[in-house]
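Undergrad: What follows is my_file02.csv, CSV, C-alpha atoms.
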chain,number,residue,atom,x,y,z
A,64,MET,CA,22.1,-6.4,-22.9
A,65,PRO,CA,20.3,-3.2,-21.7
A,66,PRO,CA,22.0,-0.9,-19.1
A,67,GLY,CA,21.3,-2.0,-15.6
A,68,THR,CA,21.3,-5.7,-16.3
A,69,ASP,CA,23.3,-7.8,-13.8
A,70,PRO,CA,25.0,-10.5,-16.0
A,71,GLY,CA,25.9,-12.5,-12.9
A,72,LYS,CA,22.4,-13.1,-11.7
A,73,ALA,CA,19.4,-14.8,-13.3
A,74,SER,CA,16.5,-12.4,-13.7
A,75,VAL,CA,13.0,-13.3,-12.4
A,76,ALA,CA,11.4,-11.8,-15.5
A,77,ARG,CA,13.8,-13.6,-17.9
A,78,MET,CA,13.4,-16.9,-16.0
A,79,TYR,CA,9.6,-16.7,-16.4
A,80,ASP,CA,10.1,-15.9,-20.1
A,81,ALA,CA,12.3,-19.1,-20.4
A,82,MET,CA,9.7,-21.2,-18.6
A,83,LEU,CA,7.1,-20.0,-21.1
A,84,GLY,CA,9.3,-20.9,-24.0
A,85,GLY,CA,10.3,-17.3,-24.9
A,86,ASP,CA,13.6,-16.3,-26.4
A,87,HIS,CA,14.3,-13.0,-24.4
A,88,ASN,CA,16.5,-14.7,-21.8
A,89,PHE,CA,20.2,-15.5,-21.3
A,90,ALA,CA,22.1,-18.7,-20.6
A,91,ILE,CA,22.3,-17.9,-16.9
A,92,ASP,CA,18.4,-17.7,-16.8
A,93,ARG,CA,18.1,-21.0,-18.6
A,94,GLU,CA,20.5,-22.6,-16.2
A,95,ALA,CA,18.5,-21.4,-13.2
A,96,VAL,CA,15.3,-22.8,-14.8
A,97,ALA,CA,17.0,-26.1,-15.3
A,98,ALA,CA,17.9,-26.1,-11.6
A,99,PHE,CA,14.2,-25.2,-10.8
A,100,THR,CA,13.1,-28.1,-13.1
A,101,ALA,CA,15.3,-30.5,-11.1
A,102,ILE,CA,13.3,-29.4,-8.0
A,103,ASP,CA,9.9,-29.5,-9.7
A,104,PRO,CA,9.8,-31.2,-13.1
A,105,GLN,CA,6.5,-29.6,-14.0
A,106,VAL,CA,7.6,-26.0,-13.5
A,107,ARG,CA,6.9,-25.1,-17.1
A,108,THR,CA,3.4,-26.5,-16.8
A,109,LEU,CA,2.9,-24.4,-13.7
A,110,ALA,CA,4.1,-21.3,-15.5
A,111,ARG,CA,1.7,-22.0,-18.4
A,112,ALA,CA,-1.2,-22.5,-15.9
A,113,ASN,CA,-0.4,-19.2,-14.2
A,114,ARG,CA,-0.4,-17.5,-17.6
A,115,ALA,CA,-3.7,-19.1,-18.5
A,116,PHE,CA,-5.2,-17.8,-15.3
A,117,LEU,CA,-4.1,-14.3,-16.3
A,118,GLY,CA,-6.1,-14.6,-19.5
A,119,ARG,CA,-9.2,-15.9,-17.8
A,120,ALA,CA,-9.0,-13.2,-15.1
A,121,VAL,CA,-8.7,-10.4,-17.7
A,122,ARG,CA,-11.6,-11.7,-19.7
A,123,PHE,CA,-13.7,-12.0,-16.5
A,124,LEU,CA,-12.8,-8.4,-15.6
A,125,VAL,CA,-13.7,-7.1,-19.0
A,126,ASP,CA,-17.0,-8.9,-18.7
A,127,SER,CA,-17.4,-7.2,-15.3
A,128,GLY,CA,-17.1,-3.8,-16.9
A,129,VAL,CA,-13.4,-3.1,-16.4
A,130,ARG,CA,-11.6,-1.2,-19.2
A,131,GLN,CA,-8.5,-0.1,-17.3
A,132,PHE,CA,-5.7,-2.3,-16.0
A,133,ILE,CA,-2.4,-1.8,-14.1
A,134,ASP,CA,-0.2,-4.9,-14.5
A,135,LEU,CA,2.4,-4.9,-11.8
A,136,GLY,CA,5.6,-6.9,-12.4
A,137,SER,CA,4.4,-7.6,-15.9
A,138,GLY,CA,7.6,-9.2,-17.1
A,139,ILE,CA,8.7,-9.7,-20.7
A,140,PRO,CA,6.0,-9.6,-23.3
A,141,THR,CA,4.9,-13.0,-24.6
A,142,GLN,CA,1.7,-14.4,-26.0
A,143,GLY,CA,-1.5,-13.4,-24.3
A,144,ASN,CA,-0.4,-10.1,-22.9
A,145,VAL,CA,-3.0,-8.2,-20.9
A,146,HIS,CA,-3.5,-5.5,-23.6
A,147,GLU,CA,-4.0,-8.2,-26.2
A,148,VAL,CA,-6.6,-10.0,-24.2
A,149,ALA,CA,-8.4,-6.9,-23.0
A,150,GLN,CA,-8.3,-5.0,-26.3
A,151,ALA,CA,-9.5,-8.1,-28.2
A,152,ALA,CA,-12.5,-8.2,-25.9
A,153,SER,CA,-13.0,-4.5,-25.7
A,154,PRO,CA,-11.2,-2.3,-28.2
A,155,GLY,CA,-9.8,0.8,-26.5
A,156,ALA,CA,-9.2,-0.9,-23.2
A,157,ARG,CA,-6.2,0.8,-21.5
A,158,VAL,CA,-3.3,-1.0,-19.9
A,159,VAL,CA,-0.3,0.3,-18.0
A,160,TYR,CA,2.5,-2.3,-17.4
A,161,VAL,CA,5.0,-1.9,-14.6
A,162,ASP,CA,8.4,-3.6,-14.3
A,163,ASN,CA,11.9,-2.8,-13.2
A,164,ASP,CA,13.7,-5.4,-15.2
A,165,PRO,CA,15.7,-3.7,-18.0
A,166,VAL,CA,14.9,-6.4,-20.6
A,167,ALA,CA,11.2,-6.4,-19.7
A,168,VAL,CA,11.0,-2.6,-20.0
A,169,ALA,CA,12.9,-2.4,-23.3
A,170,HIS,CA,10.9,-5.1,-25.0
A,171,SER,CA,7.6,-3.8,-23.6
A,172,ALA,CA,8.4,-0.3,-24.9
A,173,SER,CA,9.2,-1.7,-28.3
A,174,LEU,CA,6.0,-3.8,-28.5
A,175,LEU,CA,3.8,-0.9,-27.3
A,176,ALA,CA,5.3,1.9,-29.4
A,177,ASP,CA,2.3,2.0,-31.8
A,178,ASN,CA,-0.4,1.3,-29.2
A,179,PRO,CA,-1.9,4.5,-27.8
A,180,ASP,CA,-3.8,2.7,-25.2
A,181,ALA,CA,-1.0,0.8,-23.5
A,182,ASP,CA,2.4,1.8,-22.0
A,183,ILE,CA,5.2,0.6,-19.7
A,184,VAL,CA,6.4,2.2,-16.5
A,185,ASP,CA,10.0,1.5,-15.4
A,186,GLY,CA,9.1,1.2,-11.8
A,187,ASP,CA,9.2,-0.9,-8.6
A,188,ILE,CA,5.9,-2.0,-7.0
A,189,ARG,CA,7.7,-1.5,-3.6
A,190,ARG,CA,7.2,2.2,-4.3
A,191,PRO,CA,3.4,2.5,-5.0
A,192,ALA,CA,3.3,6.3,-4.8
A,193,GLU,CA,5.9,6.6,-7.6
A,194,VAL,CA,4.1,4.1,-9.8
A,195,LEU,CA,0.7,5.8,-9.3
A,196,ALA,CA,2.2,9.3,-10.0
A,197,SER,CA,4.0,8.2,-13.2
A,198,PRO,CA,3.1,10.0,-16.4
A,199,GLN,CA,1.9,6.8,-18.0
A,200,VAL,CA,-0.6,6.1,-15.2
A,201,ARG,CA,-1.8,9.7,-15.1
A,202,LYS,CA,-2.3,9.7,-18.8
A,203,LEU,CA,-4.1,6.3,-19.3
A,204,ILE,CA,-5.9,5.5,-16.0
A,205,ASP,CA,-9.0,7.4,-14.8
A,206,PHE,CA,-9.5,6.5,-11.1
A,207,ASP,CA,-13.1,7.7,-11.3
A,208,GLN,CA,-13.8,4.6,-13.4
A,209,PRO,CA,-13.3,0.9,-12.6
A,210,VAL,CA,-9.7,-0.1,-12.5
A,211,ALA,CA,-8.1,-3.6,-12.1
A,212,VAL,CA,-4.7,-4.0,-10.5
A,213,LEU,CA,-3.0,-7.3,-11.5
A,214,MET,CA,-0.3,-8.8,-9.2
A,215,ILE,CA,0.5,-12.0,-11.0
A,216,THR,CA,3.3,-14.0,-9.3
A,217,ILE,CA,5.0,-10.8,-8.1
A,218,LEU,CA,4.2,-10.5,-4.3
A,219,HIS,CA,6.2,-13.6,-3.4
A,220,PHE,CA,9.2,-11.6,-4.5
A,221,VAL,CA,8.4,-9.1,-1.8
A,222,SER,CA,10.0,-10.0,1.5
A,223,PRO,CA,8.1,-9.7,4.8
A,224,ASP,CA,10.2,-6.6,5.9
A,225,GLU,CA,9.1,-4.9,2.6
A,226,ASP,CA,5.5,-5.1,3.8
A,227,PRO,CA,3.6,-6.8,1.0
A,228,ALA,CA,0.3,-6.1,2.7
A,229,GLY,CA,1.1,-2.4,2.8
A,230,ILE,CA,2.0,-2.4,-0.9
A,231,VAL,CA,-1.4,-4.0,-1.8
A,232,ALA,CA,-3.2,-1.5,0.5
A,233,ALA,CA,-1.5,1.4,-1.2
A,234,PHE,CA,-2.8,0.3,-4.6
A,235,ARG,CA,-6.2,-0.6,-3.1
A,236,ASP,CA,-6.6,2.8,-1.5
A,237,ALA,CA,-6.0,4.4,-4.9
A,238,LEU,CA,-8.8,2.4,-6.5
A,239,PRO,CA,-12.4,3.6,-6.6
A,240,ASP,CA,-15.1,1.5,-5.0
A,241,GLY,CA,-15.7,-1.3,-7.5
A,242,GLY,CA,-12.1,-1.6,-8.3
A,243,TRP,CA,-10.5,-5.0,-8.6
A,244,LEU,CA,-7.4,-7.0,-7.6
A,245,ALA,CA,-6.3,-10.2,-9.3
A,246,LEU,CA,-3.4,-12.0,-7.7
A,247,THR,CA,-1.4,-15.2,-7.8
A,248,HIS,CA,1.2,-16.1,-5.2
A,249,ALA,CA,3.4,-19.1,-4.5
A,250,THR,CA,2.4,-21.1,-1.4
A,251,ASN,CA,4.2,-23.4,1.1
A,252,GLU,CA,0.8,-24.8,2.2
A,253,ASP,CA,1.0,-28.3,0.8
A,254,ARG,CA,4.5,-28.6,-0.6
A,255,PRO,CA,6.7,-26.9,2.0
A,256,ASP,CA,9.8,-28.8,0.9
A,257,THR,CA,9.4,-27.7,-2.7
A,258,ALA,CA,8.8,-24.1,-1.7
A,259,ASP,CA,11.8,-24.1,0.6
A,260,ALA,CA,14.1,-25.5,-2.1
A,261,VAL,CA,12.8,-23.0,-4.7
A,262,GLY,CA,13.3,-20.2,-2.1
A,263,LYS,CA,17.0,-21.2,-1.7
A,264,LEU,CA,17.4,-21.4,-5.4
A,265,TYR,CA,16.2,-17.9,-6.0
A,266,ARG,CA,18.2,-16.5,-3.1
A,267,SER,CA,21.4,-18.0,-4.5
A,268,ARG,CA,20.9,-17.5,-8.3
A,269,ALA,CA,18.3,-14.8,-9.0
A,270,THR,CA,17.9,-11.1,-8.6
A,271,SER,CA,15.0,-11.5,-6.2
A,272,PRO,CA,14.4,-14.1,-3.4
A,273,VAL,CA,11.1,-15.9,-3.0
A,274,THR,CA,8.9,-15.9,0.1
A,275,ALA,CA,6.2,-18.5,-0.3
A,276,ARG,CA,3.2,-17.9,2.0
A,277,SER,CA,0.3,-19.9,3.5
A,278,HIS,CA,-3.3,-19.8,2.3
A,279,ASP,CA,-4.3,-17.5,5.2
A,280,GLU,CA,-1.3,-15.2,4.6
A,281,ILE,CA,-2.2,-14.8,1.0
A,282,LEU,CA,-5.9,-14.4,1.8
A,283,GLY,CA,-4.9,-11.5,4.1
A,284,LEU,CA,-3.5,-9.6,1.1
A,285,PHE,CA,-7.1,-9.3,-0.1
A,286,SER,CA,-8.1,-7.1,2.9
A,287,GLY,CA,-10.7,-4.6,1.7
A,288,PHE,CA,-11.7,-6.8,-1.3
A,289,ASP,CA,-14.5,-9.2,-1.6
A,290,LEU,CA,-13.3,-12.4,-3.3
A,291,VAL,CA,-15.5,-13.7,-6.2
A,292,GLU,CA,-16.2,-17.4,-6.5
A,293,PRO,CA,-14.4,-19.8,-6.2
A,294,GLY,CA,-12.3,-17.8,-3.8
A,295,LEU,CA,-8.6,-18.3,-3.3
A,296,VAL,CA,-7.7,-21.6,-5.0
A,297,TYR,CA,-4.9,-23.3,-6.8
A,298,VAL,CA,-4.5,-21.7,-10.3
A,299,PRO,CA,-6.1,-24.5,-12.4
A,300,LEU,CA,-9.3,-24.3,-10.2
A,301,TRP,CA,-10.0,-20.7,-10.8
A,302,ARG,CA,-12.9,-20.6,-13.3
A,303,PRO,CA,-11.4,-23.0,-15.8
A,304,ASP,CA,-12.5,-22.8,-19.4
A,305,PRO,CA,-14.6,-25.5,-20.9
A,306,GLY,CA,-12.3,-28.3,-21.9
A,307,ASP,CA,-9.5,-27.4,-19.5
A,308,GLN,CA,-8.0,-30.4,-17.8
A,309,ILE,CA,-8.3,-30.3,-14.0
A,310,PRO,CA,-5.3,-32.0,-12.3
A,311,ASP,CA,-6.1,-34.9,-9.9
A,312,SER,CA,-3.9,-33.2,-7.3
A,313,PRO,CA,-4.4,-29.4,-7.7
A,314,SER,CA,-1.8,-28.7,-4.9
A,315,GLU,CA,0.9,-29.8,-7.3
A,316,TYR,CA,0.3,-26.4,-8.8
A,317,TRP,CA,1.6,-24.7,-5.7
A,318,VAL,CA,0.4,-21.2,-6.6
A,319,TYR,CA,-2.9,-19.8,-5.3
A,320,ALA,CA,-5.1,-17.5,-7.4
A,321,GLY,CA,-7.9,-15.1,-6.6
A,322,VAL,CA,-9.8,-12.1,-7.8
A,323,GLY,CA,-11.5,-9.6,-5.5
A,324,ARG,CA,-13.6,-6.5,-5.8
A,325,LYS,CA,-13.2,-3.4,-3.6
A,326,GLY,CA,-16.4,-2.7,-1.7
A,327,PRO,CA,-17.9,0.6,-0.8
Can you turn what I pasted into structure tokens?
TA:
Amino acid sequence: MPPGTDPGKASVARMYDAMLGGDHNFAIDREAVAAFTAIDPQVRTLARANRAFLGRAVRFLVDSGVRQFIDLGSGIPTQGNVHEVAQAASPGARVVYVDNDPVAVAHSASLLADNPDADIVDGDIRRPAEVLASPQVRKLIDFDQPVAVLMITILHFVSPDEDPAGIVAAFRDALPDGGWLALTHATNEDRPDTADAVGKLYRSRATSPVTARSHDEILGLFSGFDLVEPGLVYVPLWRPDPGDQIPDSPSEYWVYAGVGRKGP
């Protein structure tokens, strides 16, 4: 157990690892996921759908000319990491991961030790200036060229008094014109009871609480960005790959996804 790990609380990063079938998690994390599953039996399906969106978004961004990525709240490495997807599509693409979970940082550092074009920052997205000034970002990211910031299921762990819109704005302002934001965020729009129950679960068991937000609130986080088609939609509906199964009730996947480009 790396230093700084709280053995009495489930970790958001380790819970997500458990949802995706990884093995870098503890019993307390698996117990929290079991409680989550009792609230929403398809939570693992939702986690996989969110991960699949990440892969589609990265491939779209590479096709749009992006070769630099900052992945905020990147979590514990699993299959389909950003550098794997981006570098498979464009060798030499550069990726900086950012997380403050000790297990996520330790495993990421080990995975990336031999990759000169990817690194991990032990940092908190609530302090954008520190992340942007980190040696890893200064070394790998050229803000005179297109950069994509990824905020995948991270901002709903930022409470209203921590100013999520201000955090997004700080990273947006660091981007050049033509920079990108890809974001997914839990919503209370169509399943408020589920969102409320999950929020209570995270407050009582996990290291970070959850604040689900409405479609309009999440859309507001894209201020300064022009959303690409199909806009802000439930994760399975964002540019599905051929052969992907589209659920009859997309709102069952109670996470919105969108990708936006910073205008001049």
Undergrad: Enter the distance from atom CA of A:Gly155 to atom CA of A:Asn178, in Å, rounded to one decimal.
TA: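 Separation between atom CA of A:Gly155 and atom CA of A:Asn178: 9.8 Å.
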Undergrad: Please provide as a PyMOL selection string all residues within 9 Å of stretch 245-247 of chain A, with the sequence filter that same-chain residues fewer than 3 positions apart are discarded (counting only C-alpha atoms).
TA: chain A and resi 113+116-117+120-121+211-219+281+285+297-298+318-324
Undergrad: For A:Gly85, which of A:Pro227, A:Gly138, A:Pro154, A:Pro104 is the closest residue, counting all atoms listed in the file?
TA: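 Using all atoms listed in the file, A:Gly85 sits closest to A:Gly138.
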Undergrad: Please provide the set of residues having any atom within 12 Å of A:Asp126, restricted to all atoms listed in the file, with same-chain residues fewer than 6 positions apart removed, written as JSON, numbers by chain.
TA: {"A": [119, 120, 148, 149, 152, 153]}
Undergrad: Point out the residue among A:Ala112, A:Pro70, A:Ile139, A:Ser222 with the least atom-to-atom distance to A:Leu300, counting only C-alpha atoms.
TA: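 The shortest atom-to-atom distance to A:Leu300 comes from A:Ala112.
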Undergrad: What is the atom CA of A:Leu175 to atom CA of A:Arg130 distance in Å?
TA: 17.4 Å
